[in-house]
file my_file.cif (mmCIF, C-alpha atoms)
data_target
loop_
_atom_site.label_atom_id
_atom_site.label_comp_id
_atom_site.auth_asym_id
_atom_site.auth_seq_id
_atom_site.Cartn_x
_atom_site.Cartn_y
_atom_site.Cartn_z
CA MET C 1 151.93 -131.62 -19.61
CA THR C 2 152.72 -134.89 -21.43
CA THR C 3 152.91 -136.78 -18.14
CA ASN C 4 149.53 -135.45 -17.02
CA THR C 5 147.98 -136.39 -20.36
CA GLU C 6 149.39 -139.91 -20.23
CA SER C 7 148.23 -140.27 -16.61
CA GLY C 8 144.73 -139.14 -17.53
CA SER C 9 144.65 -141.52 -20.49
CA LEU C 10 145.78 -144.43 -18.29
CA THR C 11 143.16 -143.55 -15.69
CA GLY C 12 140.50 -143.45 -18.38
CA ARG C 13 141.51 -146.87 -19.71
CA MET C 14 141.51 -148.36 -16.22
CA ARG C 15 138.06 -146.89 -15.58
CA ALA C 16 136.79 -148.34 -18.87
CA VAL C 17 138.18 -151.77 -17.99
CA ALA C 18 136.65 -151.71 -14.49
CA LEU C 19 133.32 -150.51 -15.88
CA ALA C 20 133.29 -153.25 -18.53
CA ALA C 21 134.07 -155.88 -15.88
CA GLY C 22 131.25 -154.69 -13.63
CA ARG C 23 128.78 -154.61 -16.49
CA GLY C 24 129.87 -158.04 -17.67
CA PHE C 25 129.37 -159.41 -14.16
CA VAL C 26 125.84 -157.93 -13.99
CA LEU C 27 125.01 -159.35 -17.43
CA ALA C 28 126.33 -162.80 -16.44
CA LEU C 29 124.12 -162.81 -13.34
CA VAL C 30 121.02 -161.96 -15.40
CA THR C 31 121.71 -163.60 -18.76
CA LEU C 32 121.80 -167.29 -17.89
CA PRO C 33 118.96 -167.54 -15.32
CA GLY C 34 116.71 -165.05 -17.14
CA ALA C 35 117.13 -166.65 -20.55
CA VAL C 36 116.77 -170.24 -19.25
CA VAL C 37 113.65 -169.49 -17.19
CA LEU C 38 111.90 -167.49 -19.94
CA PHE C 39 112.79 -169.94 -22.69
CA THR C 40 111.69 -172.98 -20.69
CA LEU C 41 108.42 -171.47 -19.47
CA THR C 42 107.59 -170.19 -22.95
CA LEU C 43 108.16 -173.59 -24.56
CA VAL C 44 106.01 -175.29 -21.91
CA SER C 45 103.27 -172.70 -22.35
CA MET C 46 103.30 -173.04 -26.15
CA ALA C 47 103.13 -176.83 -25.79
CA LEU C 48 100.01 -176.40 -23.65
CA ILE C 49 98.18 -174.31 -26.28
CA PRO C 50 96.38 -177.36 -27.78
CA VAL C 51 94.91 -178.27 -24.37
CA GLY C 52 93.73 -174.70 -23.74
CA VAL C 53 95.95 -173.56 -20.85
CA GLY C 54 98.65 -172.14 -23.10
CA GLY C 55 96.21 -169.78 -24.77
CA TYR C 56 96.02 -167.81 -21.53
CA THR C 57 99.64 -168.02 -20.36
CA THR C 58 101.49 -167.61 -23.66
CA PRO C 59 100.71 -163.91 -24.24
CA TRP C 60 102.02 -163.02 -20.80
CA LEU C 61 105.19 -165.05 -21.23
CA LEU C 62 105.83 -163.67 -24.72
CA ALA C 63 105.32 -160.18 -23.34
CA GLY C 64 107.92 -161.05 -20.69
CA VAL C 65 110.32 -162.26 -23.38
CA ARG C 66 109.73 -159.04 -25.30
CA GLY C 67 110.41 -156.99 -22.17
CA PHE C 68 113.59 -158.98 -21.48
CA ALA C 69 114.77 -158.42 -25.07
CA ASP C 70 113.85 -154.74 -25.01
CA ARG C 71 115.80 -154.27 -21.80
CA ARG C 72 118.84 -155.84 -23.48
CA ARG C 73 118.35 -153.46 -26.41
CA VAL C 74 118.48 -150.55 -23.98
CA LEU C 75 121.67 -151.89 -22.35
CA ALA C 76 123.22 -152.52 -25.77
CA ALA C 77 122.61 -148.88 -26.67
CA GLU C 78 123.69 -147.42 -23.33
CA TRP C 79 126.62 -149.75 -22.52
CA GLY C 80 127.81 -150.82 -25.95
CA GLY C 81 126.66 -148.10 -28.35
CA VAL C 82 124.83 -150.75 -30.41
CA ARG C 83 121.38 -149.71 -31.63
CA ILE C 84 119.06 -152.70 -32.06
CA PRO C 85 115.60 -151.94 -33.49
CA SER C 86 112.71 -154.05 -32.26
CA GLY C 87 110.16 -154.10 -35.10
CA TYR C 88 107.37 -155.93 -33.26
CA ARG C 89 103.98 -156.08 -34.87
CA PRO C 90 101.24 -154.33 -32.90
CA VAL C 91 99.03 -156.58 -30.77
CA PRO C 92 95.27 -156.10 -31.40
CA GLU C 93 93.83 -153.67 -28.88
CA GLY C 94 91.17 -155.11 -26.58
CA ALA C 95 91.63 -158.61 -27.98
CA ASN C 96 91.13 -161.71 -25.86
CA SER C 97 94.00 -163.99 -24.82
CA TRP C 98 93.61 -166.36 -27.75
CA ALA C 99 93.62 -163.57 -30.33
CA ARG C 100 96.71 -162.07 -28.68
CA THR C 101 98.40 -165.48 -28.64
CA TYR C 102 97.94 -166.11 -32.36
CA ALA C 103 98.81 -162.50 -33.25
CA MET C 104 102.08 -162.72 -31.34
CA LEU C 105 102.96 -166.16 -32.69
CA ARG C 106 102.55 -164.85 -36.24
CA ASP C 107 105.08 -162.13 -35.53
CA PRO C 108 108.57 -163.06 -36.89
CA ALA C 109 110.13 -160.91 -34.18
CA VAL C 110 108.78 -163.28 -31.51
CA TRP C 111 110.58 -166.28 -33.04
CA ARG C 112 113.69 -164.16 -33.41
CA ASP C 113 113.50 -163.43 -29.66
CA LEU C 114 113.22 -167.14 -28.87
CA ARG C 115 116.29 -167.86 -31.01
CA TRP C 116 118.10 -165.09 -29.21
CA LEU C 117 117.29 -166.60 -25.80
CA GLN C 118 119.12 -169.77 -26.82
CA VAL C 119 122.15 -167.77 -27.95
CA ASP C 120 121.99 -165.57 -24.86
CA MET C 121 122.07 -168.48 -22.43
CA THR C 122 125.14 -169.96 -24.16
CA ALA C 123 127.47 -167.68 -26.13
CA GLY C 124 125.98 -164.55 -24.59
CA PHE C 125 126.57 -165.86 -21.07
CA VAL C 126 130.14 -166.92 -21.91
CA THR C 127 131.11 -163.55 -23.38
CA ALA C 128 129.58 -161.68 -20.45
CA LEU C 129 131.28 -163.94 -17.90
CA LEU C 130 134.66 -163.72 -19.64
CA THR C 131 134.42 -159.92 -19.60
CA ALA C 132 134.24 -160.01 -15.81
CA ALA C 133 136.70 -162.90 -15.44
CA LEU C 134 139.42 -161.05 -17.41
CA VAL C 135 139.57 -158.52 -14.59
CA PHE C 136 138.52 -160.41 -11.46
CA TYR C 137 140.45 -163.64 -12.03
CA PRO C 138 143.92 -161.98 -12.17
CA LEU C 139 143.03 -160.13 -8.96
CA GLU C 140 142.21 -163.48 -7.40
CA GLY C 141 145.69 -164.72 -8.28
CA LEU C 142 147.26 -161.71 -6.58
CA ALA C 143 145.08 -162.32 -3.51
CA VAL C 144 146.25 -165.96 -3.41
CA ALA C 145 149.87 -164.82 -3.48
CA ALA C 146 149.14 -162.33 -0.70
CA GLY C 147 148.00 -165.12 1.65
CA LEU C 148 144.51 -166.21 0.62
CA TRP C 149 145.89 -169.72 0.00
CA ARG C 150 146.24 -170.29 3.75
CA ALA C 151 142.44 -170.43 4.11
CA PHE C 152 142.43 -173.53 1.89
CA ALA C 153 145.67 -175.16 3.07
CA ALA C 154 143.89 -177.49 5.53
CA SER C 155 141.63 -178.88 2.76
CA GLY C 156 144.45 -179.98 0.49
CA GLY C 157 145.39 -176.74 -1.22
CA TYR C 158 143.87 -174.51 -3.84
CA TRP C 159 143.87 -174.64 -7.64
CA TYR C 160 144.47 -171.39 -9.47
CA GLY C 161 144.45 -172.13 -13.19
CA PHE C 162 146.94 -174.93 -13.68
CA VAL C 163 148.83 -174.09 -10.46
CA HIS C 164 148.12 -176.23 -7.39
CA VAL C 165 148.71 -173.88 -4.46
CA THR C 166 149.80 -175.66 -1.28
CA ASP C 167 152.46 -173.34 0.13
CA GLN C 168 153.84 -169.84 -0.25
CA SER C 169 156.13 -170.71 -3.16
CA SER C 170 153.27 -172.13 -5.23
CA ALA C 171 151.17 -169.15 -4.13
CA LEU C 172 153.82 -166.83 -5.59
CA LEU C 173 153.68 -168.83 -8.82
CA ALA C 174 149.89 -168.30 -8.86
CA GLY C 175 150.52 -164.60 -8.30
CA ALA C 176 152.91 -164.54 -11.26
CA LEU C 177 150.24 -166.19 -13.38
CA GLY C 178 147.80 -163.54 -12.17
CA VAL C 179 150.21 -160.80 -13.29
CA VAL C 180 150.44 -162.41 -16.74
CA LEU C 181 146.66 -162.61 -16.97
CA LEU C 182 146.44 -159.01 -15.81
CA ALA C 183 147.97 -157.99 -19.12
CA LEU C 184 144.82 -159.27 -20.84
CA THR C 185 142.44 -157.01 -18.90
CA PRO C 186 142.42 -154.25 -21.60
CA LEU C 187 140.48 -156.75 -23.74
CA ALA C 188 137.48 -156.54 -21.38
CA PRO C 189 135.77 -153.57 -23.13
CA ARG C 190 136.23 -155.25 -26.51
CA LEU C 191 134.76 -158.48 -25.20
CA LEU C 192 131.78 -156.60 -23.79
CA ALA C 193 131.33 -154.93 -27.18
CA ALA C 194 131.47 -158.38 -28.81
CA HIS C 195 128.68 -159.51 -26.48
CA PHE C 196 126.43 -156.68 -27.63
CA ARG C 197 127.36 -157.14 -31.29
CA LEU C 198 126.34 -160.78 -30.93
CA THR C 199 123.07 -159.64 -29.37
CA GLY C 200 122.53 -157.21 -32.23
CA ALA C 201 123.28 -159.85 -34.85
CA VAL C 202 120.58 -162.14 -33.47
CA LEU C 203 118.03 -159.55 -32.35
CA GLY C 204 118.51 -157.29 -35.37
CA ALA C 205 115.86 -157.06 -38.04
CA SER C 206 116.00 -159.37 -41.07
CA GLN C 207 114.91 -158.45 -44.60
CA GLY C 208 111.35 -159.55 -43.85
CA GLU C 209 111.32 -157.49 -40.70
CA LEU C 210 112.63 -154.50 -42.63
CA ALA C 211 109.67 -154.90 -44.96
CA GLU C 212 107.46 -154.94 -41.88
CA ARG C 213 109.16 -151.77 -40.73
CA VAL C 214 108.31 -150.13 -44.05
CA ARG C 215 104.69 -151.16 -43.51
CA VAL C 216 104.69 -149.59 -40.04
CA LEU C 217 106.20 -146.38 -41.38
CA THR C 218 103.57 -146.29 -44.11
CA GLU C 219 100.86 -146.57 -41.48
CA THR C 220 102.40 -143.84 -39.35
CA ARG C 221 102.64 -141.59 -42.41
CA LYS C 222 98.94 -142.19 -43.07
CA ASP C 223 98.21 -141.37 -39.42
CA ALA C 224 100.21 -138.15 -39.78
CA VAL C 225 98.26 -137.13 -42.90
CA ASP C 226 94.93 -137.94 -41.23
CA THR C 227 95.96 -136.03 -38.11
CA SER C 228 97.00 -133.01 -40.16
CA ALA C 229 93.70 -133.06 -42.05
CA ALA C 230 91.74 -133.31 -38.80
CA GLU C 231 93.77 -130.44 -37.35
CA LEU C 232 93.03 -128.26 -40.38
CA ARG C 233 89.31 -129.02 -40.01
CA ARG C 234 89.48 -128.11 -36.33
CA ILE C 235 91.19 -124.81 -37.10
CA GLU C 236 88.61 -123.99 -39.78
CA ARG C 237 85.76 -124.85 -37.40
CA ASP C 238 87.23 -122.80 -34.56
CA LEU C 239 87.77 -119.83 -36.86
CA HIS C 240 84.27 -120.08 -38.33
CA ASP C 241 82.45 -120.56 -35.03
CA GLY C 242 84.64 -118.28 -32.94
CA ALA C 243 86.77 -115.42 -34.14
CA GLN C 244 85.14 -115.12 -37.58
CA ALA C 245 81.64 -114.90 -36.09
CA ARG C 246 82.80 -112.23 -33.64
CA LEU C 247 84.49 -110.21 -36.40
CA VAL C 248 81.33 -110.33 -38.54
CA ALA C 249 79.24 -109.20 -35.56
CA MET C 250 81.74 -106.39 -34.91
CA GLY C 251 81.40 -105.22 -38.51
CA MET C 252 77.62 -105.12 -38.18
CA ASP C 253 77.87 -103.29 -34.85
CA LEU C 254 80.22 -100.71 -36.36
CA GLY C 255 77.68 -100.09 -39.14
CA THR C 256 74.95 -99.61 -36.55
CA ILE C 257 77.18 -97.26 -34.54
CA GLU C 258 77.86 -95.19 -37.63
CA ALA C 259 74.10 -94.80 -38.19
CA LEU C 260 73.42 -93.92 -34.52
CA MET C 261 76.22 -91.40 -34.04
CA ASP C 262 73.92 -88.45 -34.85
CA LYS C 263 70.55 -89.90 -33.85
CA ASP C 264 71.34 -91.62 -30.51
CA PRO C 265 74.91 -90.96 -29.26
CA THR C 266 74.23 -92.75 -25.95
CA LYS C 267 73.22 -95.97 -27.68
CA ALA C 268 76.17 -95.60 -30.06
CA ARG C 269 78.57 -95.39 -27.09
CA GLU C 270 77.04 -98.54 -25.55
CA LEU C 271 77.47 -100.43 -28.80
CA LEU C 272 81.00 -99.09 -29.09
CA ALA C 273 81.87 -100.45 -25.64
CA GLN C 274 80.31 -103.78 -26.59
CA THR C 275 82.34 -103.85 -29.80
CA ARG C 276 85.51 -103.17 -27.85
CA ARG C 277 84.76 -106.15 -25.59
CA SER C 278 84.03 -108.31 -28.63
CA SER C 279 87.35 -107.32 -30.20
CA ALA C 280 89.17 -108.31 -27.01
CA ASP C 281 87.34 -111.65 -26.96
CA ALA C 282 88.16 -112.25 -30.63
CA LEU C 283 91.83 -111.47 -29.96
CA THR C 284 91.86 -113.92 -27.04
CA GLU C 285 90.32 -116.65 -29.19
CA LEU C 286 92.86 -116.03 -31.94
CA ARG C 287 95.71 -116.21 -29.44
CA ASP C 288 94.34 -119.48 -28.03
CA LEU C 289 94.02 -120.84 -31.56
CA VAL C 290 97.60 -119.89 -32.41
CA ARG C 291 98.80 -121.37 -29.13
CA GLY C 292 97.04 -124.63 -30.04
CA ILE C 293 98.79 -124.72 -33.42
CA HIS C 294 102.29 -123.79 -32.23
CA PRO C 295 102.78 -122.12 -28.84
CA PRO C 296 104.81 -118.90 -29.11
CA VAL C 297 106.91 -119.86 -26.09
CA LEU C 298 107.91 -123.07 -27.91
CA ALA C 299 109.05 -121.15 -30.99
CA GLU C 300 110.80 -118.42 -29.03
CA ARG C 301 112.34 -120.20 -26.04
CA GLY C 302 112.41 -123.91 -26.88
CA LEU C 303 110.96 -127.12 -25.55
CA GLY C 304 112.26 -126.83 -21.99
CA ASP C 305 110.63 -123.48 -21.24
CA ALA C 306 107.47 -124.50 -23.12
CA VAL C 307 107.08 -127.56 -20.87
CA ARG C 308 107.76 -125.40 -17.81
CA ALA C 309 104.97 -123.09 -18.94
CA LEU C 310 102.70 -126.12 -19.30
CA ALA C 311 103.56 -127.21 -15.75
CA LEU C 312 102.73 -123.77 -14.32
CA ARG C 313 99.18 -124.03 -15.67
CA LEU C 314 98.53 -127.44 -14.08
CA PRO C 315 96.42 -127.74 -10.91
CA VAL C 316 98.86 -130.39 -9.62
CA ALA C 317 102.29 -129.67 -8.10
CA THR C 318 104.75 -130.38 -10.91
CA GLU C 319 108.54 -130.56 -10.92
CA VAL C 320 110.36 -130.13 -14.24
CA ASN C 321 113.96 -131.16 -14.85
CA VAL C 322 115.46 -130.12 -18.18
CA GLU C 323 118.90 -131.23 -19.43
CA LEU C 324 118.94 -130.28 -23.10
CA SER C 325 122.21 -129.36 -24.76
CA GLY C 326 120.50 -127.61 -27.66
CA ARG C 327 117.32 -127.42 -29.69
CA ALA C 328 115.87 -130.09 -31.94
CA ASP C 329 114.13 -129.45 -35.24
CA ALA C 330 110.86 -127.53 -34.93
CA PRO C 331 108.64 -130.51 -35.93
CA VAL C 332 110.30 -132.72 -33.32
CA GLU C 333 109.91 -130.07 -30.62
CA SER C 334 106.27 -129.59 -31.57
CA ALA C 335 105.55 -133.34 -31.47
CA ALA C 336 107.29 -133.65 -28.10
CA TYR C 337 105.43 -130.64 -26.67
CA PHE C 338 101.98 -131.85 -27.63
CA ALA C 339 102.81 -135.40 -26.53
CA VAL C 340 103.81 -134.11 -23.09
CA SER C 341 100.69 -131.95 -23.00
CA GLU C 342 98.46 -134.95 -23.72
CA VAL C 343 100.21 -137.12 -21.13
CA LEU C 344 99.88 -134.37 -18.50
CA THR C 345 96.20 -133.94 -19.34
CA ASN C 346 95.65 -137.68 -18.84
CA ALA C 347 97.54 -137.61 -15.55
CA VAL C 348 95.50 -134.71 -14.18
CA LYS C 349 92.15 -136.12 -15.33
CA HIS C 350 92.53 -139.83 -14.55
CA SER C 351 95.41 -140.59 -12.17
CA GLY C 352 94.28 -138.83 -9.01
CA ALA C 353 97.90 -137.79 -8.44
CA ASP C 354 98.93 -134.86 -6.29
CA ARG C 355 102.45 -134.62 -7.69
CA ILE C 356 104.01 -134.98 -11.15
CA TRP C 357 107.64 -135.12 -12.23
CA ILE C 358 108.81 -134.30 -15.77
CA ASP C 359 112.31 -135.04 -17.03
CA LEU C 360 113.69 -133.99 -20.42
CA HIS C 361 117.06 -135.37 -21.41
CA HIS C 362 119.04 -135.35 -24.64
CA ALA C 363 121.05 -138.57 -25.01
CA LYS C 364 124.21 -138.12 -27.04
CA ALA C 365 126.03 -140.76 -29.05
CA GLY C 366 127.79 -142.19 -26.02
CA GLU C 367 124.62 -142.42 -23.93
CA GLY C 368 122.56 -144.78 -25.98
CA GLY C 369 121.89 -143.08 -29.27
CA ASP C 370 122.86 -140.40 -31.70
CA GLY C 371 120.58 -137.54 -30.75
CA MET C 372 117.73 -139.19 -28.81
CA LEU C 373 115.27 -136.91 -27.03
CA ARG C 374 114.03 -138.73 -23.94
CA ILE C 375 111.09 -137.49 -21.92
CA SER C 376 109.60 -139.14 -18.85
CA VAL C 377 106.42 -138.07 -17.05
CA THR C 378 105.88 -139.67 -13.66
CA ASP C 379 102.96 -139.25 -11.28
CA ASN C 380 102.15 -140.73 -7.88
CA GLY C 381 98.55 -141.56 -8.80
CA LYS C 382 96.56 -144.78 -8.71
CA GLY C 383 98.20 -146.35 -11.80
CA GLY C 384 96.51 -148.70 -14.23
CA ALA C 385 97.24 -146.67 -17.37
CA VAL C 386 97.65 -148.73 -20.57
CA ILE C 387 98.14 -147.86 -24.21
CA GLY C 388 94.94 -148.49 -26.11
CA ALA C 389 92.57 -148.15 -23.14
CA GLY C 390 91.56 -144.75 -24.48
CA THR C 391 92.42 -142.36 -27.27
CA GLY C 392 94.98 -140.33 -25.28
CA LEU C 393 98.05 -142.55 -25.06
CA ALA C 394 97.24 -144.24 -28.39
CA GLY C 395 97.22 -140.80 -30.00
CA VAL C 396 100.55 -139.97 -28.39
CA GLU C 397 101.99 -143.23 -29.71
CA ARG C 398 100.81 -142.40 -33.24
CA ARG C 399 102.20 -138.88 -32.99
CA LEU C 400 105.62 -140.18 -31.91
CA GLY C 401 105.55 -142.96 -34.50
CA THR C 402 105.51 -140.34 -37.23
CA PHE C 403 109.03 -139.38 -36.12
CA ASP C 404 110.15 -143.00 -35.51
CA GLY C 405 109.71 -142.39 -31.81
CA VAL C 406 108.51 -144.85 -29.18
CA LEU C 407 106.22 -144.71 -26.15
CA ALA C 408 106.53 -146.94 -23.08
CA VAL C 409 104.14 -146.99 -20.12
CA SER C 410 104.84 -148.49 -16.70
CA SER C 411 101.72 -148.21 -14.54
CA PRO C 412 101.13 -150.99 -12.03
CA ALA C 413 97.92 -150.96 -10.03
CA GLY C 414 98.37 -148.57 -7.14
CA GLY C 415 100.95 -146.53 -9.03
CA PRO C 416 103.20 -144.84 -9.68
CA THR C 417 102.80 -144.28 -13.42
CA MET C 418 105.80 -143.52 -15.62
CA VAL C 419 105.32 -142.63 -19.27
CA THR C 420 108.59 -142.59 -21.25
CA MET C 421 108.90 -141.12 -24.73
CA GLU C 422 111.92 -141.29 -27.04
CA ILE C 423 112.22 -139.34 -30.29
CA PRO C 424 115.30 -139.44 -32.56
CA CYS C 425 116.51 -135.93 -33.28
CA ALA C 426 119.60 -134.11 -34.52
#

call {"tool": "encode", "arguments": {"input": "my_file.cif", "output": "structure tokens"}}
result
Amino acid sequence: MTTNTESGSLTGRMRAVALAAGRGFVLALVTLPGAVVLFTLTLVSMALIPVGVGGYTTPWLLAGVRGFADRRRVLAAEWGGVRIPSGYRPVPEGANSWARTYAMLRDPAVWRDLRWLQVDMTAGFVTALLTAALVFYPLEGLAVAAGLWRAFAASGGYWYGFVHVTDQSSALLAGALGVVLLALTPLAPRLLAAHFRLTGAVLGASQGELAERVRVLTETRKDAVDTSAAELRRIERDLHDGAQARLVAMGMDLGTIEALMDKDPTKARELLAQTRRSSADALTELRDLVRGIHPPVLAERGLGDAVRALALRLPVATEVNVELSGRADAPVESAAYFAVSEVLTNAVKHSGADRIWIDLHHAKAGEGGDGMLRISVTDNGKGGAVIGAGTGLAGVERRLGTFDGVLAVSSPAGGPTMVTMEIPCA
């Protein structure tokens, strides 16, 4: 039993080292060219603002920088377990390029991103490259000892570290050096973690940005209060105009029936049948009203089955994939349910899609967050969906913001459209 446990532990460590090396290699390939290109183009664009050209190009480049930084935040959470909040100020909806440019340049998070690009192309690149080199370079030494040196013998030999390999004896010395370096490979996961901690230290929010975060939370709280008040007014209106009016009419009909029982039994029976139909209609309206407040299937069977029930009522073929390990708090489930409902309504009404895919996933601590509910809704429609173009997605964003959740939309012209929602939950 002890041997099997030790073998499994060794296998797990080797897998972690290999995974860190692969991720470090991917980061090294992206970090240097991506950071250099974005930083250079952004500086050139900002320098061209006084002559007019930069006012049109800068918002797009800053949006690209933001996307590049947000992608690194995702990788830091998924690969390194480091949560890095963004804290960007909202860009004015429907604003022209110049208004967007000045709004983004006044955002401290934008300048923080530009500082991070400089760190990412230097120290970030080095830490990512060393993570991969700790594993791949010792393997290169072993390959040289195994005969790789012969491919370079005609060109004057091969340098491996400080060893000049010209024959088999020097190749064996390079192999010995590779074995020594191989002992350092367990440091690869720690070096990768250091890369993401460095990213978090630069991209993380400062005190001023924390104050901005408080402002955003205050706004989302106000939105939540306004939404609740509007919902209460809707419920009162629906009750007054629907079920209440029917119940009052039923009471009047019952009084008439009571008076006609002896005088005109036939008419009384007709009114009784009409009252029965009115009671059924009132019950249906009450059920619809309750379902609009909190669907019974959501309370009884959870978010997964509630979304499946939503999908069954859609006129579009919909595939639902649910991987939830448990249930979140009722307010979180309710917010997620109505957010999905709104996104599906938008997809059916505006996308022209004939197929929709819904995925619900609960990310645990080792998968990018401590209790993060992730929902993606994808359709194969015409695309072109943006936050702020209408009230639908903007309302979803406000609903999620109440719970510190985020909404991301990827919808190029021609489709497909993917709407991703993340809500922190226990």

call {"tool": "closest_residue", "arguments": {"input": "my_file.cif", "among": "C:His362, C:Arg100, C:Arg398, C:Arg106", "to": "Gly55 in chain C", "atoms": "all atoms listed in the file"}}
result
C:Arg100

call {"tool": "resolve_selection", "arguments": {"input": "my_file.cif", "expression": "the PyMOL selection byres ((chain C and resi 304) around 9)", "output": "list in words"}}
result
Leu298, Arg301, Gly302, Leu303, Asp305, Ala306, Val307, Arg308, Ala309, Val320, Asn321, Val322, Glu323, Leu324 and Leu360 of chain C

call {"tool": "atom_distance", "arguments": {"input": "my_file.cif", "atom1": "CA of Val26 in chain C", "atom2": "CA of Phe39 in chain C"}}
result
19.8 Å

call {"tool": "atom_distance", "arguments": {"input": "my_file.cif", "atom1": "CA of Val316 in chain C", "atom2": "CA of Val377 in chain C"}}
result
13.1 Å

call {"tool": "closest_residue", "arguments": {"input": "my_file.cif", "among": "C:Leu177, C:Val51, C:Ala109, C:Ile358", "to": "Leu203 in chain C", "atoms": "all atoms listed in the file"}}
result
C:Ala109

call {"tool": "closest_residue", "arguments": {"input": "my_file.cif", "among": "C:Val180, C:Leu105, C:Ala123, C:Ala145", "to": "Val165 in chain C", "atoms": "all atoms listed in the file"}}
result
C:Ala145

call {"tool": "residues_around", "arguments": {"input": "my_file.cif", "residues": "Met14 in chain C", "least_positions_apart": "4", "cutoff": "12 Å", "atoms": "all atoms listed in the file", "output": "short mmCIF file (atom, residue, chain, number, x, y, z; two decimals) with C-alpha atoms, in the frame of the given file"}}
result
data_model
loop_
_atom_site.label_atom_id
_atom_site.label_comp_id
_atom_site.auth_asym_id
_atom_site.auth_seq_id
_atom_site.Cartn_x
_atom_site.Cartn_y
_atom_site.Cartn_z
CA SER C 7 148.23 -140.27 -16.61
CA GLY C 8 144.73 -139.14 -17.53
CA SER C 9 144.65 -141.52 -20.49
CA LEU C 10 145.78 -144.43 -18.29
CA ALA C 18 136.65 -151.71 -14.49
CA LEU C 19 133.32 -150.51 -15.88
CA ALA C 20 133.29 -153.25 -18.53
CA ALA C 21 134.07 -155.88 -15.88
CA VAL C 135 139.57 -158.52 -14.59
CA LEU C 182 146.44 -159.01 -15.81
CA ALA C 183 147.97 -157.99 -19.12
CA THR C 185 142.44 -157.01 -18.90
CA PRO C 186 142.42 -154.25 -21.60
CA LEU C 187 140.48 -156.75 -23.74
CA ALA C 188 137.48 -156.54 -21.38
CA PRO C 189 135.77 -153.57 -23.13
#

call {"tool": "decode", "arguments": {"input": "my_file.cif", "residues": "range 193-205 of chain C", "atoms": "N, CA and C atoms", "output": "PDB file, in the first residue's frame"}}
result
ATOM      1  N   ALA C 193       4.060  29.605 -10.652  1.00  0.00           N
ATOM      2  CA  ALA C 193       3.265  30.340  -9.662  1.00  0.00           C
ATOM      3  C   ALA C 193       3.843  31.732  -9.426  1.00  0.00           C
ATOM      4  N   ALA C 194       5.189  31.837  -9.439  1.00  0.00           N
ATOM      5  CA  ALA C 194       5.821  33.151  -9.273  1.00  0.00           C
ATOM      6  C   ALA C 194       5.475  34.067 -10.444  1.00  0.00           C
ATOM      7  N   HIS C 195       5.377  33.501 -11.645  1.00  0.00           N
ATOM      8  CA  HIS C 195       4.984  34.295 -12.809  1.00  0.00           C
ATOM      9  C   HIS C 195       3.607  34.907 -12.604  1.00  0.00           C
ATOM     10  N   PHE C 196       2.665  34.105 -12.119  1.00  0.00           N
ATOM     11  CA  PHE C 196       1.306  34.608 -11.940  1.00  0.00           C
ATOM     12  C   PHE C 196       1.202  35.540 -10.732  1.00  0.00           C
ATOM     13  N   ARG C 197       2.014  35.298  -9.704  1.00  0.00           N
ATOM     14  CA  ARG C 197       2.009  36.239  -8.576  1.00  0.00           C
ATOM     15  C   ARG C 197       2.554  37.600  -9.013  1.00  0.00           C
ATOM     16  N   LEU C 198       3.569  37.569  -9.886  1.00  0.00           N
ATOM     17  CA  LEU C 198       4.082  38.820 -10.442  1.00  0.00           C
ATOM     18  C   LEU C 198       3.003  39.524 -11.256  1.00  0.00           C
ATOM     19  N   THR C 199       2.277  38.754 -12.059  1.00  0.00           N
ATOM     20  CA  THR C 199       1.172  39.328 -12.840  1.00  0.00           C
ATOM     21  C   THR C 199       0.123  39.937 -11.922  1.00  0.00           C
ATOM     22  N   GLY C 200      -0.208  39.224 -10.845  1.00  0.00           N
ATOM     23  CA  GLY C 200      -1.202  39.730  -9.910  1.00  0.00           C
ATOM     24  C   GLY C 200      -0.733  40.980  -9.189  1.00  0.00           C
ATOM     25  N   ALA C 201       0.571  41.044  -8.884  1.00  0.00           N
ATOM     26  CA  ALA C 201       1.092  42.213  -8.173  1.00  0.00           C
ATOM     27  C   ALA C 201       0.993  43.470  -9.019  1.00  0.00           C
ATOM     28  N   VAL C 202       1.165  43.319 -10.338  1.00  0.00           N
ATOM     29  CA  VAL C 202       1.111  44.488 -11.214  1.00  0.00           C
ATOM     30  C   VAL C 202      -0.316  44.786 -11.664  1.00  0.00           C
ATOM     31  N   LEU C 203      -1.075  43.737 -11.977  1.00  0.00           N
ATOM     32  CA  LEU C 203      -2.432  43.935 -12.475  1.00  0.00           C
ATOM     33  C   LEU C 203      -3.454  44.112 -11.357  1.00  0.00           C
ATOM     34  N   GLY C 204      -3.067  43.787 -10.118  1.00  0.00           N
ATOM     35  CA  GLY C 204      -4.011  43.891  -9.011  1.00  0.00           C
ATOM     36  C   GLY C 204      -4.427  45.318  -8.735  1.00  0.00           C
ATOM     37  N   ALA C 205      -5.556  45.463  -8.079  1.00  0.00           N
ATOM     38  CA  ALA C 205      -6.118  46.787  -7.832  1.00  0.00           C
ATOM     39  C   ALA C 205      -5.338  47.509  -6.735  1.00  0.00           C
TER      40      ALA C 205
END
